[in-house]
Each structure stands twice: as C-alpha cells, then as structure tokens.
file coords.tsv (TSV, C-alpha atoms)
chain	number	residue	atom	x	y	z
A	23	MET	CA	0.00	0.00	0.00
A	24	ALA	CA	2.74	2.35	0.94
A	25	SER	CA	4.15	1.74	-2.45
A	26	LYS	CA	1.01	3.28	-3.98
A	27	GLY	CA	1.73	6.62	-2.29
A	28	TYR	CA	-1.86	7.27	-1.12
A	29	LYS	CA	-4.37	5.92	1.39
A	30	GLN	CA	-7.71	4.62	0.22
A	31	GLU	CA	-10.63	5.89	2.37
A	32	MET	CA	-12.88	3.09	3.52
A	33	PRO	CA	-16.21	2.93	5.42
A	34	PRO	CA	-16.05	2.65	9.24
A	35	PRO	CA	-15.33	-0.88	10.47
A	36	ALA	CA	-18.93	-1.45	11.74
A	37	GLY	CA	-20.38	0.00	8.58
A	38	TYR	CA	-22.55	3.15	8.18
A	39	GLY	CA	-25.64	3.59	10.33
A	40	PRO	CA	-29.11	3.22	8.89
A	41	ILE	CA	-30.36	6.05	6.64
A	42	GLU	CA	-32.93	8.33	8.38
A	43	TRP	CA	-35.73	8.32	5.92
A	44	ALA	CA	-38.68	8.85	8.31
A	45	LYS	CA	-39.96	12.35	9.46
A	46	GLN	CA	-38.32	13.52	12.69
A	47	ILE	CA	-41.09	14.64	15.05
A	48	PRO	CA	-39.80	16.60	18.11
A	49	LYS	CA	-40.77	15.36	21.52
A	50	LYS	CA	-43.70	17.19	23.12
A	51	LYS	CA	-42.69	19.09	26.29
A	52	MET	CA	-46.08	20.46	27.37
A	53	SER	CA	-49.57	19.43	26.53
A	54	GLY	CA	-52.10	22.02	25.38
A	55	ILE	CA	-53.93	21.83	28.68
A	56	THR	CA	-50.71	22.64	30.57
A	57	GLN	CA	-49.96	25.57	28.27
A	58	PHE	CA	-53.43	27.05	28.63
A	59	GLY	CA	-53.32	26.42	32.35
A	60	LEU	CA	-50.03	28.26	32.71
A	61	PHE	CA	-51.34	31.18	30.64
A	62	ILE	CA	-54.50	31.48	32.68
A	63	GLY	CA	-52.58	31.13	35.93
A	64	PHE	CA	-50.04	33.84	35.14
A	65	THR	CA	-52.72	36.20	33.78
A	66	GLY	CA	-54.86	35.71	36.84
A	67	LEU	CA	-51.95	36.35	39.15
A	68	SER	CA	-51.03	39.54	37.33
A	69	TRP	CA	-54.63	40.71	37.47
A	70	VAL	CA	-54.54	40.34	41.21
A	71	GLY	CA	-51.23	42.19	41.27
A	72	PHE	CA	-52.62	44.99	39.11
A	73	TYR	CA	-55.64	45.31	41.40
A	74	TYR	CA	-53.49	45.92	44.46
A	75	GLN	CA	-51.08	48.17	42.57
A	76	LYS	CA	-53.94	50.30	41.24
A	77	ARG	CA	-55.45	50.57	44.70
A	78	ARG	CA	-52.13	51.74	46.09
A	79	HIS	CA	-51.67	54.30	43.30
A	80	CYS	CA	-55.19	55.63	43.84
A	81	LYS	CA	-54.50	56.05	47.54
A	82	ASP	CA	-51.24	57.89	46.88
A	83	ASP	CA	-52.91	60.14	44.31
A	84	LEU	CA	-55.75	60.90	46.70
A	85	GLU	CA	-53.27	61.82	49.41
A	86	MET	CA	-51.45	64.17	47.06
A	87	ARG	CA	-54.74	65.70	45.94
A	88	ASP	CA	-55.65	66.24	49.59
A	89	ALA	CA	-52.36	68.00	50.18
A	90	ARG	CA	-52.85	70.27	47.19
A	91	LEU	CA	-56.46	71.11	48.07
A	92	ALA	CA	-55.59	71.83	51.69
A	93	VAL	CA	-53.12	74.60	50.85
A	94	LEU	CA	-55.17	76.01	47.97
A	95	PRO	CA	-56.95	78.67	50.11
A	96	LEU	CA	-53.61	79.88	51.42
A	97	LEU	CA	-52.15	80.27	47.94
A	98	LEU	CA	-55.31	81.82	46.50
A	99	ALA	CA	-55.52	84.38	49.29
A	100	GLU	CA	-51.96	85.52	48.71
A	101	ARG	CA	-52.36	85.48	44.93
A	102	ASN	CA	-55.55	87.57	45.06
A	103	ARG	CA	-53.89	90.19	47.24
A	104	LEU	CA	-50.96	90.42	44.84
A	105	LEU	CA	-53.32	90.66	41.87
A	106	LEU	CA	-55.32	93.50	43.41
A	107	LYS	CA	-52.15	95.30	44.43
A	108	GLN	CA	-50.80	95.12	40.89
A	109	ILE	CA	-54.13	96.31	39.44
A	110	ARG	CA	-54.08	99.30	41.74
A	111	GLU	CA	-50.49	100.03	40.80
A	112	ASN	CA	-51.42	99.88	37.13
A	113	ARG	CA	-54.28	102.33	37.69
A	114	ASP	CA	-52.00	104.75	39.53
A	115	GLU	CA	-49.45	104.38	36.75
A	116	GLU	CA	-52.07	105.16	34.12
A	117	ASN	CA	-53.22	108.24	36.04
A	118	GLU	CA	-49.63	109.43	36.21
A	119	LEU	CA	-48.91	108.64	32.57
A	120	MET	CA	-52.01	110.22	31.05
A	121	LYS	CA	-52.37	113.27	33.31
A	122	ASN	CA	-51.37	115.69	30.53
A	123	VAL	CA	-53.75	114.23	27.94
A	124	ASP	CA	-57.02	116.13	27.64
A	125	GLY	CA	-60.17	114.04	27.57
A	126	TRP	CA	-58.55	110.82	28.75
A	127	VAL	CA	-60.48	109.01	31.48
A	128	THR	CA	-58.57	106.29	33.33
A	129	GLY	CA	-60.00	102.82	32.80
A	130	THR	CA	-61.81	103.79	29.60
A	131	LEU	CA	-60.98	104.56	26.02
A	132	TRP	CA	-61.70	108.28	25.72
A	133	GLY	CA	-64.63	107.88	28.08
A	134	LYS	CA	-66.00	104.67	26.58
A	135	PRO	CA	-65.87	101.74	29.04
A	136	VAL	CA	-63.83	98.68	28.09
A	137	TYR	CA	-66.50	96.12	28.98
A	138	HIS	CA	-70.29	96.15	28.76
A	139	ASN	CA	-70.64	95.29	32.44
A	140	ILE	CA	-74.01	96.45	33.72
A	141	ARG	CA	-74.21	94.16	36.76
A	142	ASP	CA	-70.78	95.19	37.96
A	143	ARG	CA	-69.32	91.71	37.79
A	144	TRP	CA	-65.63	91.05	38.40
A	145	ILE	CA	-63.73	90.54	35.17
A	146	ASP	CA	-60.18	89.27	35.35
A	147	PRO	CA	-57.94	91.75	33.56
A	148	SER	CA	-56.45	90.42	30.37
A	149	ALA	CA	-52.73	89.73	30.29
A	150	ASP	CA	-52.07	92.66	27.97
A	151	GLU	CA	-53.66	95.04	30.44
A	152	TYR	CA	-52.12	93.41	33.48
A	153	PHE	CA	-48.58	93.65	32.08
A	154	ALA	CA	-49.21	96.93	30.23
A	155	HIS	CA	-46.54	98.92	32.10
A	156	CYS	CA	-43.97	96.11	32.19
A	157	LYS	CA	-41.06	95.55	29.92
A	158	TYR	CA	-41.38	92.74	27.39
A	159	TRP	CA	-38.87	90.48	29.13
A	160	GLU	CA	-40.36	91.12	32.55
A	161	ARG	CA	-43.65	89.84	31.23
A	162	MET	CA	-42.00	86.83	29.57
A	163	TYR	CA	-40.13	85.92	32.76
A	164	THR	CA	-43.31	86.17	34.81
A	165	VAL	CA	-45.43	84.13	32.42
A	166	HIS	CA	-42.80	81.42	31.95
A	167	ASP	CA	-41.60	81.40	35.53
A	168	LYS	CA	-42.91	77.87	36.00
A	169	LEU	CA	-40.36	76.57	33.50
A	170	ASN	CA	-37.55	77.47	35.90
A	171	HIS	CA	-38.71	75.08	38.60
B	8	MET	CA	-56.88	98.84	32.77
B	9	PRO	CA	-60.64	98.48	32.82
B	10	PHE	CA	-60.78	100.01	36.32
B	11	LYS	CA	-61.95	103.59	36.59
B	12	ASN	CA	-60.95	105.88	39.41
B	13	ASP	CA	-64.37	105.54	41.07
B	14	ASP	CA	-64.33	101.72	40.88
B	15	TYR	CA	-63.66	100.09	44.22
B	16	LEU	CA	-60.18	98.65	44.66
B	17	PRO	CA	-58.79	97.96	48.12
B	18	SER	CA	-55.99	100.24	49.26
B	19	TYR	CA	-52.38	99.12	49.75
B	20	GLU	CA	-52.82	99.17	53.52
B	21	GLU	CA	-55.75	96.79	53.27
B	22	LEU	CA	-53.77	94.44	51.06
B	23	THR	CA	-50.54	94.42	53.05
B	24	VAL	CA	-50.43	91.74	55.72
B	25	PRO	CA	-47.58	89.60	57.02
B	26	GLU	CA	-47.29	86.88	54.40
B	27	LEU	CA	-46.29	83.30	54.97
B	28	GLN	CA	-42.68	83.13	53.81
B	29	VAL	CA	-42.29	79.38	53.40
B	30	THR	CA	-41.23	77.25	50.49
B	31	SER	CA	-43.21	74.62	48.64
B	32	SER	CA	-41.84	71.58	50.47
B	33	VAL	CA	-42.86	73.11	53.80
B	34	LEU	CA	-46.35	73.78	52.49
B	35	ARG	CA	-46.59	70.24	51.13
B	36	ALA	CA	-45.33	68.73	54.38
B	37	GLY	CA	-47.69	70.73	56.57
B	38	ALA	CA	-50.65	70.66	54.19
B	39	HIS	CA	-52.83	68.05	55.91
B	40	HIS	CA	-52.38	69.40	59.42
B	41	PHE	CA	-52.72	73.00	58.23
B	42	GLY	CA	-55.95	72.14	56.44
B	43	LYS	CA	-57.38	70.63	59.56
B	44	TYR	CA	-56.15	73.41	61.85
B	45	CYS	CA	-57.56	76.17	59.59
B	46	ASP	CA	-60.57	74.24	58.35
B	47	GLU	CA	-63.21	76.88	59.14
B	48	GLN	CA	-61.23	79.79	57.73
B	49	SER	CA	-60.35	77.91	54.55
B	50	LYS	CA	-63.92	76.81	53.94
B	51	GLU	CA	-65.24	80.32	54.57
B	52	PHE	CA	-62.73	81.81	52.13
B	53	MET	CA	-63.33	79.25	49.40
B	54	LEU	CA	-67.11	79.61	49.76
B	55	CYS	CA	-66.75	83.38	49.52
B	56	LEU	CA	-64.72	83.08	46.32
B	57	GLN	CA	-67.17	80.57	44.91
B	58	GLU	CA	-70.22	82.71	45.66
B	59	GLU	CA	-68.97	86.20	45.04
B	60	LYS	CA	-66.61	85.39	42.15
B	61	ASP	CA	-64.85	88.63	43.08
B	62	PRO	CA	-61.47	88.81	44.84
B	63	ARG	CA	-62.22	92.32	46.11
B	64	LYS	CA	-64.99	91.08	48.37
B	65	CYS	CA	-63.02	88.23	49.98
B	66	ILE	CA	-60.04	90.21	51.25
B	67	ALA	CA	-61.00	89.86	54.91
B	68	GLU	CA	-61.54	86.10	54.63
B	69	GLY	CA	-58.23	85.71	52.81
B	70	LYS	CA	-56.41	87.65	55.50
B	71	GLU	CA	-57.97	85.37	58.08
B	72	VAL	CA	-56.64	82.31	56.21
B	73	THR	CA	-53.13	83.77	56.08
B	74	ARG	CA	-53.25	84.74	59.75
B	75	CYS	CA	-54.32	81.22	60.65
B	76	GLY	CA	-51.54	79.77	58.48
B	77	LEU	CA	-48.96	81.93	60.22
B	78	GLU	CA	-50.34	80.86	63.59
B	79	PHE	CA	-50.25	77.19	62.61
B	80	PHE	CA	-46.72	77.18	61.23
B	81	GLY	CA	-45.55	79.23	64.22
B	82	LYS	CA	-46.97	76.60	66.55
B	83	VAL	CA	-45.33	73.82	64.55
B	84	LYS	CA	-42.03	75.67	64.76
B	85	GLN	CA	-42.39	76.10	68.50
B	86	ASN	CA	-43.39	72.55	69.30
B	87	CYS	CA	-42.22	70.14	66.58
B	88	TYR	CA	-39.31	71.93	64.98
B	89	SER	CA	-36.89	69.00	64.59
B	90	GLU	CA	-39.51	66.47	63.47
B	91	PHE	CA	-41.02	68.87	60.98
B	92	THR	CA	-37.63	69.85	59.59
B	93	LYS	CA	-36.75	66.21	59.06
B	94	TYR	CA	-40.10	65.59	57.38
B	95	PHE	CA	-40.04	68.49	54.94
B	96	GLU	CA	-36.41	67.87	54.03
B	97	CYS	CA	-37.34	64.29	53.22
B	98	ILE	CA	-40.22	65.53	51.06
B	99	ASP	CA	-37.97	68.05	49.37
B	100	HIS	CA	-35.71	65.20	48.26
B	101	SER	CA	-38.38	62.59	47.56
B	102	ASP	CA	-39.16	63.11	43.86
B	103	ARG	CA	-40.24	65.66	41.29
B	104	GLN	CA	-43.80	65.84	42.56
B	105	MET	CA	-42.66	66.04	46.20
B	106	SER	CA	-44.61	62.87	46.91
B	107	LEU	CA	-45.45	62.00	50.46
B	108	LYS	CA	-45.20	58.25	49.93
B	109	HIS	CA	-41.42	58.04	50.32
B	110	CYS	CA	-41.40	59.68	53.74
B	111	ARG	CA	-43.55	57.50	55.96
B	112	THR	CA	-41.08	57.15	58.82
B	113	SER	CA	-40.50	60.87	59.33
B	114	GLN	CA	-44.21	61.45	58.75
B	115	ALA	CA	-45.04	59.09	61.61
B	116	LEU	CA	-42.62	60.99	63.89
B	117	PHE	CA	-44.18	64.32	62.92
B	118	ASP	CA	-47.72	62.99	63.39
B	119	ASN	CA	-46.85	61.67	66.84
B	120	CYS	CA	-45.42	65.04	67.79
B	121	MET	CA	-48.52	66.85	66.51
B	122	LYS	CA	-50.70	64.46	68.48
B	123	GLU	CA	-48.71	65.02	71.66
B	124	LYS	CA	-48.15	68.76	71.49
B	125	LEU	CA	-51.13	70.15	69.56
B	126	GLY	CA	-53.54	67.26	70.12
B	127	GLN	CA	-54.35	66.99	66.45
B	128	ASP	CA	-54.67	63.81	64.42
B	129	ARG	CA	-53.84	63.57	60.77
B	130	PRO	CA	-57.12	63.90	58.84
B	131	ASP	CA	-58.49	60.80	57.14
B	132	LEU	CA	-57.53	59.95	53.60
B	133	GLY	CA	-59.70	61.92	51.20
B	134	TYR	CA	-60.92	64.42	53.81
B	135	PHE	CA	-60.11	67.47	51.70
B	136	ALA	CA	-61.07	65.86	48.41
B	137	SER	CA	-64.55	64.97	49.64
B	138	ARG	CA	-67.49	67.34	49.91
B	139	ARG	CA	-67.69	69.26	53.17
B	140	ILE	CA	-70.59	71.29	54.46
B	141	HIS	CA	-69.91	74.73	55.87
B	142	HIS	CA	-72.31	76.98	57.80
B	143	THR	CA	-71.62	80.64	57.35
B	144	GLU	CA	-73.01	83.88	58.75
B	145	ARG	CA	-72.22	85.77	55.56
B	146	PRO	CA	-75.38	86.60	53.61
B	147	LYS	CA	-75.74	85.11	50.18
B	148	PRO	CA	-74.62	87.69	47.63
B	149	GLN	CA	-77.09	89.19	45.21
B	150	LEU	CA	-76.09	90.44	41.81
B	151	ALA	CA	-76.76	94.07	41.01
B	152	PRO	CA	-79.98	94.59	39.04
B	153	HIS	CA	-79.71	94.46	35.30
B	154	PRO	CA	-81.73	97.34	33.85
B	155	LEU	CA	-82.97	96.42	30.41
B	156	PRO	CA	-83.31	99.08	27.69
B	157	GLU	CA	-86.79	100.53	27.13
B	158	ARG	CA	-89.17	98.51	25.02
B	159	ILE	CA	-89.24	99.62	21.43
B	160	PRO	CA	-92.75	100.69	20.18
B	161	ASP	CA	-94.95	98.02	18.59
B	162	PRO	CA	-95.22	98.05	14.83
B	163	PRO	CA	-98.50	99.47	13.40
B	164	ASN	CA	-101.34	97.06	12.72
B	165	PHE	CA	-101.01	96.39	9.01
B	166	LYS	CA	-104.43	94.70	8.75
B	167	THR	CA	-106.40	97.84	9.59
B	168	ALA	CA	-103.99	100.30	8.02
B	169	PRO	CA	-105.00	101.66	4.61
B	170	ASN	CA	-103.35	100.13	1.63
B	171	PRO	CA	-100.44	102.33	0.66
B	172	LYS	CA	-100.86	103.85	-2.75
B	173	PHE	CA	-98.23	102.98	-5.28
B	174	GLU	CA	-96.48	105.95	-6.68
B	175	ARG	CA	-94.06	105.60	-9.51
B	176	PRO	CA	-90.76	107.17	-8.46
B	177	VAL	CA	-89.66	110.06	-10.51
B	178	THR	CA	-86.34	109.06	-11.97
B	179	GLY	CA	-86.32	110.82	-15.30
B	180	TYR	CA	-86.34	107.58	-17.27
B	181	ASN	CA	-90.08	106.85	-17.18

call {"tool": "encode", "arguments": {"input": "coords.tsv", "output": "structure tokens"}}
result
Amino acid sequence: MASKGYKQEMPPPAGYGPIEWAKQIPKKKMSGITQFGLFIGFTGLSWVGFYYQKRRHCKDDLEMRDARLAVLPLLLAERNRLLLKQIRENRDEENELMKNVDGWVTGTLWGKPVYHNIRDRWIDPSADEYFAHCKYWERMYTVHDKLNH
Amino acid sequence: MPFKNDDYLPSYEELTVPELQVTSSVLRAGAHHFGKYCDEQSKEFMLCLQEEKDPRKCIAEGKEVTRCGLEFFGKVKQNCYSEFTKYFECIDHSDRQMSLKHCRTSQALFDNCMKEKLGQDRPDLGYFASRRIHHTERPKPQLAPHPLPERIPDPPNFKTAPNPKFERPVTGYN
C-alpha cells in the first residue's frame, strides 16, 4: 500500500448507520392543557397584582390631591392680594402717565368703558392690560416662571 | 386697565399683611395638618370666592386664612421643629412631585409630635377631596340689578292700516 503513495478511504469498520428516511417529530414538552393552564394562571396572578397596585396608586394620588387642596386657600388668598395690588399700581401708573392728555379718562378709552358690564361683575384683567406697564422680558419671565422650577 | 378711578379697589394698607414666607416643600409637608387646623377659615374663604366670584370682596376672609396659616406654622415651629424639619427635608428630596409616599417614617414621627403637642390627628384619607358642608353667617350675595333698555314701540297694525298707494318714483327715465 505504501508503495502506492496514497491511502484509500474506507467505510467505518462497523459500517454506516441506517439512513434516516422517516420524518423527525420533536418530543412534546407540554400538553395544550398545561400551556393554557399556565397562561391562565399567570394572567390571573397579574390581574390580582394589578388590582393591588392600582389601589395603592389611587391612595397615593388621593393623598397628594388632599395635600394640594388643603393649601389652595392659602395660595389663593396671597395670589388675590398680589393681583389686586398690581391692578391698583397699574391704575396709579395710568393716572400718572395720562395726566397731561385732555379728555382721557382712566379705565376707559376716551370715556367709553372697556366692557359692557351692567351688573358690575368682576372681570379678570387680560394679560395685555395686566402687564401693560412692564417691559417685554419682565412679562416673559413672569409668564414662563414655571419653566424654571 | 378696565378700572376707573371711582371703581372700588382695596388700598395698599388693606392688602398688606404679614405673608407666609415658606417654600413649597414646607407647604406640602404641613398641608394636611394646616388644612385641619384652619378648616373653618379655609372653607369660609373658598365659599366666599365661589359665591362672590370677586377677589375684592373676599379680602377679609383671605387675610384670616393667612393669619391662621402663620399661627399654625408658628406653633409647629415652636413645638415640633426638629420632626417637621426632618419631614419636609425628606419631602424636598423625595421626587419631582414632592410625593409623600417616600417619607412614611419621618411622617409618623411628625404625626406623633402633633398628636402630643397640639392634640391633632392627621385627617383621614380623602378628607379634603370629599365634599364638606360649611355653615356661614355671611349673607348670600345678590347680583346688582340688570336694567334692560326701554321697550321699542310696537309696529302698526297692518291689517287695519289703509293700503299704501303705489307711486311711480320720478327718476327721469319713465
């Protein structure tokens, strides 16, 4: 053989195994009943979990709402005082500014009232009137103050 | 401004009262106990605002609320200073919304102190969010009368009126 200079490849000594000609079906790990059972079990458990979680969140939200509502009168009282103070300042400013103009009546446009307000209701001043004597950037800073916090 | 010189606006003296100079975490921390301590004043003020819809007419009630708030926070400072400081610092560092849920231990300490010193329990959950009835001595406000313009005269009765005679207009082109 060595004289031939090559080695002839031969089948293994016990011969080749049988040829797999049939369909290979994988082994079943879980039956359908088990799969559905697991699905229903996990879903049910998470529903219970969600119920308790939602109840806890509702309680926390209610507590926070309580806290906000409790201090609301305090904040509103202070805010209303500041608002009225600023309105009075604006009126004084307008009196001072327009004192040399003949025929100008403060709070009106040449004597014509701004609103048709027969029953003397309170009307919140519009932003343009409220910030009328401010600089542009003062107004912007005040309006967008909440973005700084 | 839509306010004339003869319109009523409260003077600066009326509007200047000692204000409550506290920050938001302090307000959040003391909110429940403040609300219970100043329950009557708060309800009176909110009812006034709701009925009158006019901030000029609720100045006195608002001042009462602020006075009560000052009194409450002064008492807390006198009696439960360390507990309250711990509590509101915890709330200040809890989260973006300053939630109360992360500060239960310091809250329990503060509540115990309030119970001992001021004899006040923490109000039940949902006390401020539920409807509360308030009896007030303030008369119910009445709107000013609304005078309507005078009634315009009725049109003439066309059935009995004589038929108007047609007259051709003089235009020059007839």

call {"tool": "atom_distance", "arguments": {"input": "coords.tsv", "atom1": "CA of His79 (chain A)", "atom2": "CA of Arg138 (chain B)"}}
result
21.5 Å

call {"tool": "atom_distance", "arguments": {"input": "coords.tsv", "atom1": "CA of Phe80 (chain B)", "atom2": "CA of Glu100 (chain A)"}}
result
15.9 Å

call {"tool": "closest_atom_pairs", "arguments": {"input": "coords.tsv", "of": "chain A", "to": "chain B", "cutoff": "8 Å", "atoms": "only C-alpha atoms", "output": "CSV"}}
result
residue,atom,partner,partner_atom,distance
A:Lys81,CA,B:Leu132,CA,7.8
A:Asp82,CA,B:Lys108,CA,6.8
A:Leu84,CA,B:Gly133,CA,6.1
A:Glu85,CA,B:Leu132,CA,6.3
A:Met86,CA,B:Ser106,CA,7.0
A:Arg87,CA,B:Ala136,CA,6.8
A:Asp88,CA,B:Phe135,CA,5.1
A:Ala89,CA,B:Ala38,CA,5.1
A:Arg90,CA,B:Ala38,CA,7.3
A:Leu91,CA,B:Phe135,CA,6.3
A:Ala92,CA,B:Gly42,CA,4.8
A:Val93,CA,B:Ala38,CA,5.7
A:Pro95,CA,B:Ser49,CA,5.6
A:Leu96,CA,B:Thr73,CA,6.1
A:Leu98,CA,B:Gly69,CA,8.0
A:Ala99,CA,B:Gly69,CA,4.6
A:Glu100,CA,B:Glu26,CA,7.5
A:Asn102,CA,B:Pro62,CA,6.1
A:Arg103,CA,B:Leu22,CA,5.7
A:Leu104,CA,B:Leu22,CA,7.9
A:Leu106,CA,B:Leu16,CA,7.2
A:Lys107,CA,B:Tyr19,CA,6.6
A:Ile109,CA,B:Met8,CA,7.6
A:Arg110,CA,B:Leu16,CA,6.8
A:Asn112,CA,B:Met8,CA,7.1
A:Arg113,CA,B:Met8,CA,6.6
A:Val127,CA,B:Lys11,CA,7.6
A:Thr128,CA,B:Lys11,CA,5.4
A:Gly129,CA,B:Lys11,CA,4.3
A:Thr130,CA,B:Pro9,CA,6.3
A:Pro135,CA,B:Pro9,CA,7.2
A:Val136,CA,B:Pro9,CA,5.7
A:Tyr137,CA,B:Pro9,CA,7.4
A:Ile140,CA,B:His153,CA,6.2
A:Arg141,CA,B:Ala151,CA,5.0
A:Asp142,CA,B:Ala151,CA,6.8
A:Arg143,CA,B:Asp61,CA,7.6
A:Trp144,CA,B:Asp61,CA,5.3
A:Pro147,CA,B:Met8,CA,7.2
A:Glu151,CA,B:Met8,CA,5.5
A:Tyr152,CA,B:Met8,CA,7.3

call {"tool": "atom_distance", "arguments": {"input": "coords.tsv", "atom1": "CA of Glu47 (chain B)", "atom2": "CA of Leu97 (chain A)"}}
result
16.1 Å

call {"tool": "closest_residue", "arguments": {"input": "coords.tsv", "among": "B:His100, B:Arg111, B:Arg175, B:Lys124", "to": "Lys82 (chain B)", "atoms": "only C-alpha atoms"}}
result
B:Lys124
